[in-house]
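J.: Here you go, this is input.cif (mmCIF, C-alpha atoms).
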data_coords
loop_
_atom_site.label_atom_id
_atom_site.label_comp_id
_atom_site.auth_asym_id
_atom_site.auth_seq_id
_atom_site.Cartn_x
_atom_site.Cartn_y
_atom_site.Cartn_z
CA MET A 1 90.58 159.46 -151.38
CA PRO A 2 87.63 160.94 -149.48
CA PHE A 3 84.11 159.54 -149.65
CA ARG A 4 81.60 162.18 -150.72
CA LEU A 5 77.85 162.60 -150.21
CA ALA A 6 77.32 162.55 -153.98
CA ASP A 7 78.79 159.04 -154.21
CA PHE A 8 75.92 157.46 -152.29
CA ASP A 9 72.17 156.91 -152.44
CA ARG A 10 70.82 160.32 -151.44
CA GLU A 11 67.50 158.87 -150.33
CA VAL A 12 69.07 156.68 -147.65
CA LEU A 13 71.47 159.44 -146.59
CA ALA A 14 68.49 161.71 -145.98
CA GLU A 15 66.45 158.94 -144.33
CA HIS A 16 69.22 158.35 -141.79
CA GLY A 17 70.39 161.97 -141.54
CA ILE A 18 73.93 161.09 -142.64
CA THR A 19 76.22 164.09 -142.94
CA GLN A 20 79.49 164.62 -144.80
CA GLN A 21 81.26 164.62 -141.42
CA GLU A 22 79.81 161.19 -140.62
CA ILE A 23 80.92 159.94 -144.03
CA GLU A 24 84.44 161.17 -143.31
CA ASN A 25 84.34 159.59 -139.85
CA ALA A 26 83.23 156.29 -141.41
CA ARG A 27 86.17 156.49 -143.84
CA ARG A 28 88.56 157.12 -140.97
CA TYR A 29 87.00 154.25 -139.00
CA VAL A 30 87.45 151.77 -141.85
CA VAL A 31 91.06 152.90 -142.34
CA LEU A 32 91.70 152.59 -138.60
CA LEU A 33 90.27 149.08 -138.28
CA GLN A 34 91.08 147.56 -141.67
CA GLY A 35 93.28 149.90 -143.68
CA ALA A 36 92.80 151.88 -146.88
CA ASN A 37 93.59 148.79 -148.97
CA SER A 38 90.86 146.68 -147.36
CA GLN A 39 87.93 145.16 -149.22
CA THR A 40 85.52 147.18 -147.08
CA TYR A 41 87.23 150.42 -148.11
CA ALA A 42 87.12 149.38 -151.78
CA ASP A 43 83.45 148.39 -151.51
CA ILE A 44 82.45 151.72 -149.98
CA SER A 45 84.55 153.63 -152.51
CA GLY A 46 82.48 152.07 -155.29
CA GLY A 47 79.83 154.77 -155.30
CA CYS A 48 76.93 152.40 -155.97
CA TYR A 49 73.98 151.10 -153.98
CA TYR A 50 76.19 148.35 -152.57
CA ALA A 51 78.68 151.03 -151.47
CA THR A 52 75.84 152.86 -149.77
CA SER A 53 74.97 149.73 -147.79
CA GLY A 54 78.56 149.47 -146.54
CA LEU A 55 78.66 153.13 -145.65
CA LEU A 56 75.31 152.87 -143.88
CA HIS A 57 76.65 149.95 -141.82
CA GLU A 58 79.78 151.83 -140.79
CA VAL A 59 77.93 155.06 -139.94
CA VAL A 60 75.33 153.27 -137.78
CA GLU A 61 77.99 151.21 -136.01
CA LEU A 62 80.19 154.25 -135.46
CA ARG A 63 77.32 156.35 -134.10
CA VAL A 64 76.79 153.78 -131.36
CA LEU A 65 80.50 153.43 -130.62
CA LEU A 66 81.24 157.16 -130.53
CA LYS A 67 78.49 157.63 -127.94
CA ARG A 68 80.49 155.26 -125.76
CA ASP A 69 83.99 156.55 -126.60
CA ARG A 70 84.21 159.90 -128.34
CA TRP A 71 87.97 159.42 -128.82
CA LEU A 72 87.65 156.11 -130.65
CA LEU A 73 88.90 157.45 -133.98
CA VAL A 74 92.24 158.49 -132.46
CA ARG A 75 92.86 155.21 -130.65
CA SER A 76 95.29 152.56 -131.88
CA ARG A 77 94.02 149.87 -134.26
CA GLN A 78 94.40 147.24 -131.53
CA ARG A 79 92.48 149.29 -128.98
CA ALA A 80 89.73 150.18 -131.47
CA ASN A 81 89.30 146.53 -132.48
CA LYS A 82 89.10 145.48 -128.84
CA PHE A 83 86.50 148.18 -128.21
CA LEU A 84 84.42 146.93 -131.14
CA GLN A 85 84.66 143.34 -129.86
CA ASP A 86 83.50 144.50 -126.44
CA ASN A 87 80.58 146.37 -128.03
CA GLU A 88 79.38 143.88 -130.65
CA ASP A 89 75.82 145.14 -130.23
CA ALA A 90 76.88 148.15 -132.32
CA HIS A 91 77.82 145.81 -135.15
CA VAL A 92 74.52 143.94 -134.83
CA GLU A 93 72.58 147.21 -134.89
CA ALA A 94 74.43 148.17 -138.08
CA LEU A 95 73.57 144.82 -139.69
CA GLN A 96 69.92 145.44 -138.84
CA VAL A 97 69.98 148.64 -140.90
CA GLU A 98 72.27 147.48 -143.71
CA TYR A 99 70.47 144.33 -144.82
CA PRO A 100 66.91 145.66 -145.10
CA TYR A 101 68.40 148.42 -147.28
CA LEU A 102 70.06 145.84 -149.54
CA GLN A 103 66.85 143.81 -149.61
CA ARG A 104 64.83 146.88 -150.61
CA LYS A 105 67.27 147.96 -153.34
CA ILE A 106 67.38 144.48 -154.88
CA ALA A 107 63.57 144.42 -154.96
CA GLU A 108 63.35 147.92 -156.47
CA ILE A 109 66.03 147.46 -159.11
CA PHE A 110 65.75 143.80 -160.08
CA GLY A 111 62.23 142.98 -158.93
CA ALA A 112 63.61 140.09 -156.88
CA ARG A 113 62.57 139.07 -153.39
CA VAL A 114 65.40 137.87 -151.18
CA GLY A 115 65.47 137.16 -147.46
CA ILE A 116 67.62 138.93 -144.91
CA GLY A 117 69.20 135.64 -143.82
CA GLU A 118 70.09 134.81 -147.41
CA LEU A 119 71.75 138.19 -147.89
CA VAL A 120 73.70 138.02 -144.65
CA ARG A 121 75.00 134.52 -145.37
CA ALA A 122 75.92 135.50 -148.95
CA ASN A 123 77.62 138.74 -147.98
CA ALA A 124 78.97 138.34 -144.46
CA SER A 125 80.13 135.69 -142.04
CA LYS A 126 78.25 132.96 -140.24
CA TRP A 127 79.23 134.88 -137.09
CA ASP A 128 77.25 137.91 -138.35
CA PHE A 129 74.28 135.70 -139.21
CA ASP A 130 74.34 134.02 -135.79
CA ARG A 131 74.61 137.34 -133.92
CA LEU A 132 71.73 138.81 -135.90
CA PHE A 133 69.61 135.67 -135.61
CA ASN A 134 70.12 135.47 -131.84
CA SER A 135 69.67 139.18 -131.18
CA ASP A 136 66.62 140.82 -129.66
CA LEU A 137 66.19 142.93 -132.77
CA ASP A 138 62.88 142.77 -134.56
CA LEU A 139 64.06 141.53 -137.94
CA PRO A 140 62.62 138.61 -139.93
CA ILE A 141 65.56 136.27 -140.44
CA PHE A 142 65.50 132.57 -141.31
CA PHE A 143 68.10 129.90 -142.02
CA PRO A 144 68.63 129.89 -145.79
CA THR A 145 69.39 126.94 -148.03
CA ASP A 146 72.61 126.77 -150.05
CA ALA A 147 70.61 127.56 -153.20
CA GLU A 148 69.10 130.65 -151.55
CA ILE A 149 72.54 131.82 -150.45
CA GLU A 150 73.90 131.36 -153.98
CA ARG A 151 70.98 133.31 -155.48
CA ALA A 152 71.49 136.12 -152.95
CA TRP A 153 75.20 136.22 -153.79
CA MET A 154 74.41 136.57 -157.50
CA LEU A 155 71.95 139.39 -156.80
CA LEU A 156 74.53 141.18 -154.66
CA GLU A 157 77.10 140.86 -157.43
CA ARG A 158 74.62 142.40 -159.88
CA LEU A 159 73.92 145.20 -157.40
CA LYS A 160 77.66 145.93 -157.06
CA ARG A 161 77.82 146.51 -160.82
CA PHE A 162 74.54 148.39 -161.16
CA ASP A 163 74.93 151.92 -162.51
CA ARG A 164 73.09 154.28 -160.13
CA SER A 165 72.48 156.73 -162.96
CA LYS A 166 69.90 154.27 -164.30
CA GLU A 167 66.77 154.79 -162.28
CA HIS A 168 65.24 151.34 -162.65
CA GLY A 169 65.44 148.24 -164.77
CA ALA A 170 67.70 145.24 -164.67
CA GLN A 171 71.23 145.51 -165.96
#
The structure given in the file should be rewritten as structure tokens.

T.:
Amino acid sequence: MPFRLADFDREVLAEHGITQQEIENARRYVVLLQGANSQTYADISGGCYYATSGLLHEVVELRVLLKRDRWLLVRSRQRANKFLQDNEDAHVEALQVEYPYLQRKIAEIFGARVGIGELVRANASKWDFDRLFNSDLDLPIFFPTDAEIERAWMLLERLKRFDRSKEHGAQ
């Protein structure tokens, strides 16, 4: 099932100049690395703001990687995974774009303030948090408490279920 422009937050697509071709490349990239039955594929297929954050991550990461290997999408899964491991800065750059977007959407929709570190720990791995925290990127990130991580997780779950056709207001 293809991902389509209409499935995602048009504002962020325009802000980042994301094209239908890049959306298709991101779909192919996820299938290559994780498979069409992966959680990442399912999350991006959701067509909500949370799906947009996943797509945004994959597009940003893939832009960096394709500059370094234009044939990446036709490589074997093993070779593509190795290439990603050797170029983890692409993943970190994608995290830097993905999490401020999630932070902004949660604030806009639910009126809740949540830190980047809280969101990363609630939604990703400690490895992602550590890479982002130790990067040279200019992003305000702090070590969250367990309670802050739990609150961020609950907000992300609400965002996953939020109907994009509703402009604002808590669900």

J.: Compare A:Leu159, A:Leu5, A:Ala51, A:Ala14 by their minimum atom-to-atom distance to Glu108 of chain A, counting all atoms listed in the file, and give me the closest one.

T.: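 The answer is A:Leu159, which sits nearest to Glu108 of chain A.
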
J.: Please indicate the distance in Å from atom CA of Ala152 of chain A to atom CA of Asn123 of chain A, rounded to one decimal place.

T.: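 One can read the atom CA of Ala152 of chain A to atom CA of Asn123 of chain A distance as 8.3 Å.
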
J.: Tell me, as a ChimeraX atom specification, which residues lie within 12 Å of segment 93-97 of chain A, counting all atoms listed in the file; anything in the same chain fewer than 3 positions away does not count.

T.: /A:12,15-16,52-65,87-90,100-104,116-117,119-121,123-125,127-133,135-141

J.: Using C-alpha atoms, can you export the residues from the last selection as a CSV table (one decimal), in the frame of the given file?

T.:
chain,number,residue,atom,x,y,z
A,12,VAL,CA,69.1,156.7,-147.6
A,15,GLU,CA,66.4,158.9,-144.3
A,16,HIS,CA,69.2,158.4,-141.8
A,52,THR,CA,75.8,152.9,-149.8
A,53,SER,CA,75.0,149.7,-147.8
A,54,GLY,CA,78.6,149.5,-146.5
A,55,LEU,CA,78.7,153.1,-145.6
A,56,LEU,CA,75.3,152.9,-143.9
A,57,HIS,CA,76.6,150.0,-141.8
A,58,GLU,CA,79.8,151.8,-140.8
A,59,VAL,CA,77.9,155.1,-139.9
A,60,VAL,CA,75.3,153.3,-137.8
A,61,GLU,CA,78.0,151.2,-136.0
A,62,LEU,CA,80.2,154.2,-135.5
A,63,ARG,CA,77.3,156.4,-134.1
A,64,VAL,CA,76.8,153.8,-131.4
A,65,LEU,CA,80.5,153.4,-130.6
A,87,ASN,CA,80.6,146.4,-128.0
A,88,GLU,CA,79.4,143.9,-130.6
A,89,ASP,CA,75.8,145.1,-130.2
A,90,ALA,CA,76.9,148.2,-132.3
A,100,PRO,CA,66.9,145.7,-145.1
A,101,TYR,CA,68.4,148.4,-147.3
A,102,LEU,CA,70.1,145.8,-149.5
A,103,GLN,CA,66.8,143.8,-149.6
A,104,ARG,CA,64.8,146.9,-150.6
A,116,ILE,CA,67.6,138.9,-144.9
A,117,GLY,CA,69.2,135.6,-143.8
A,119,LEU,CA,71.8,138.2,-147.9
A,120,VAL,CA,73.7,138.0,-144.6
A,121,ARG,CA,75.0,134.5,-145.4
A,123,ASN,CA,77.6,138.7,-148.0
A,124,ALA,CA,79.0,138.3,-144.5
A,125,SER,CA,80.1,135.7,-142.0
A,127,TRP,CA,79.2,134.9,-137.1
A,128,ASP,CA,77.2,137.9,-138.4
A,129,PHE,CA,74.3,135.7,-139.2
A,130,ASP,CA,74.3,134.0,-135.8
A,131,ARG,CA,74.6,137.3,-133.9
A,132,LEU,CA,71.7,138.8,-135.9
A,133,PHE,CA,69.6,135.7,-135.6
A,135,SER,CA,69.7,139.2,-131.2
A,136,ASP,CA,66.6,140.8,-129.7
A,137,LEU,CA,66.2,142.9,-132.8
A,138,ASP,CA,62.9,142.8,-134.6
A,139,LEU,CA,64.1,141.5,-137.9
A,140,PRO,CA,62.6,138.6,-139.9
A,141,ILE,CA,65.6,136.3,-140.4

J.: Just give me the gap between atom CA of Arg68 of chain A and atom CA of Arg10 of chain A in Å, one decimal is fine.

T.: 27.9 Å

J.: Quick one: apply the PyMOL selection byres ((chain A and resi 153) around 9) to the file and drop the selected residues here as a short mmCIF file (atom, residue, chain, number, x, y, z; two decimals) with C-alpha atoms, in the coordinates of the input.

T.:
data_model
loop_
_atom_site.label_atom_id
_atom_site.label_comp_id
_atom_site.auth_asym_id
_atom_site.auth_seq_id
_atom_site.Cartn_x
_atom_site.Cartn_y
_atom_site.Cartn_z
CA GLU A 118 70.09 134.81 -147.41
CA LEU A 119 71.75 138.19 -147.89
CA ARG A 121 75.00 134.52 -145.37
CA ALA A 122 75.92 135.50 -148.95
CA ASN A 123 77.62 138.74 -147.98
CA GLU A 148 69.10 130.65 -151.55
CA ILE A 149 72.54 131.82 -150.45
CA GLU A 150 73.90 131.36 -153.98
CA ARG A 151 70.98 133.31 -155.48
CA ALA A 152 71.49 136.12 -152.95
CA MET A 154 74.41 136.57 -157.50
CA LEU A 155 71.95 139.39 -156.80
CA LEU A 156 74.53 141.18 -154.66
CA GLU A 157 77.10 140.86 -157.43
CA ARG A 158 74.62 142.40 -159.88
#

J.: May I ask for the distance between atom CA of Arg75 of chain A and atom CA of Tyr41 of chain A, given in Å to one decimal place?

T.: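 Atom CA of Tyr41 of chain A lies at a distance of 19.0 Å from atom CA of Arg75 of chain A.
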
J.: If we count only C-alpha atoms, what is near Trp71 of chain A at a cut-off of 12 Å, once residues fewer than 6 positions away on the same chain are taken out, given as a list in words?

T.: Asn25, Tyr29, Leu62, Leu65, Arg79, Ala80 and Phe83 of chain A

J.: Which one is closest to Gly35 of chain A: A:Phe162, A:Arg77, A:Ile109, A:Phe143? Count only C-alpha atoms.

T.: A:Arg77

J.: Measuring atom to atom with all atoms listed in the file, identify which of A:Asp7, A:Gly115, A:Tyr50, A:Asn81 is nearest to Thr145 of chain A.

T.: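 Distance minimum relative to Thr145 of chain A lands on A:Gly115.
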
J.: Carefully work through the PyMOL selection byres ((chain A and resi 4) around 10) for this structure and note down the residues it includes, as a PyMOL selection string.

T.: chain A and resi 1-3+5-8+19-21+23-24+45+47

J.: Here is a test: counting all atoms listed in the file, which residue of A:Asp86, A:Pro144, A:Leu33, A:Tyr49 is nearest to Glu98 of chain A?

T.: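 Using all atoms listed in the file, Glu98 of chain A sits closest to A:Tyr49.
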
J.: Quick one: of A:Gln78, A:Phe142, A:Lys160, A:Arg28, who's nearest to Asp43 of chain A, counting only C-alpha atoms?

T.: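 Looking at the shortest contact to Asp43 of chain A, the residue is A:Lys160.
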
J.: I need the residue nearest Leu66 of chain A from this list: A:Cys48, A:Ile106, A:Ala26, A:Ala42. Use all atoms listed in the file for the distance.

T.: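 Answer, going by the shortest atom-to-atom distance: A:Ala26.
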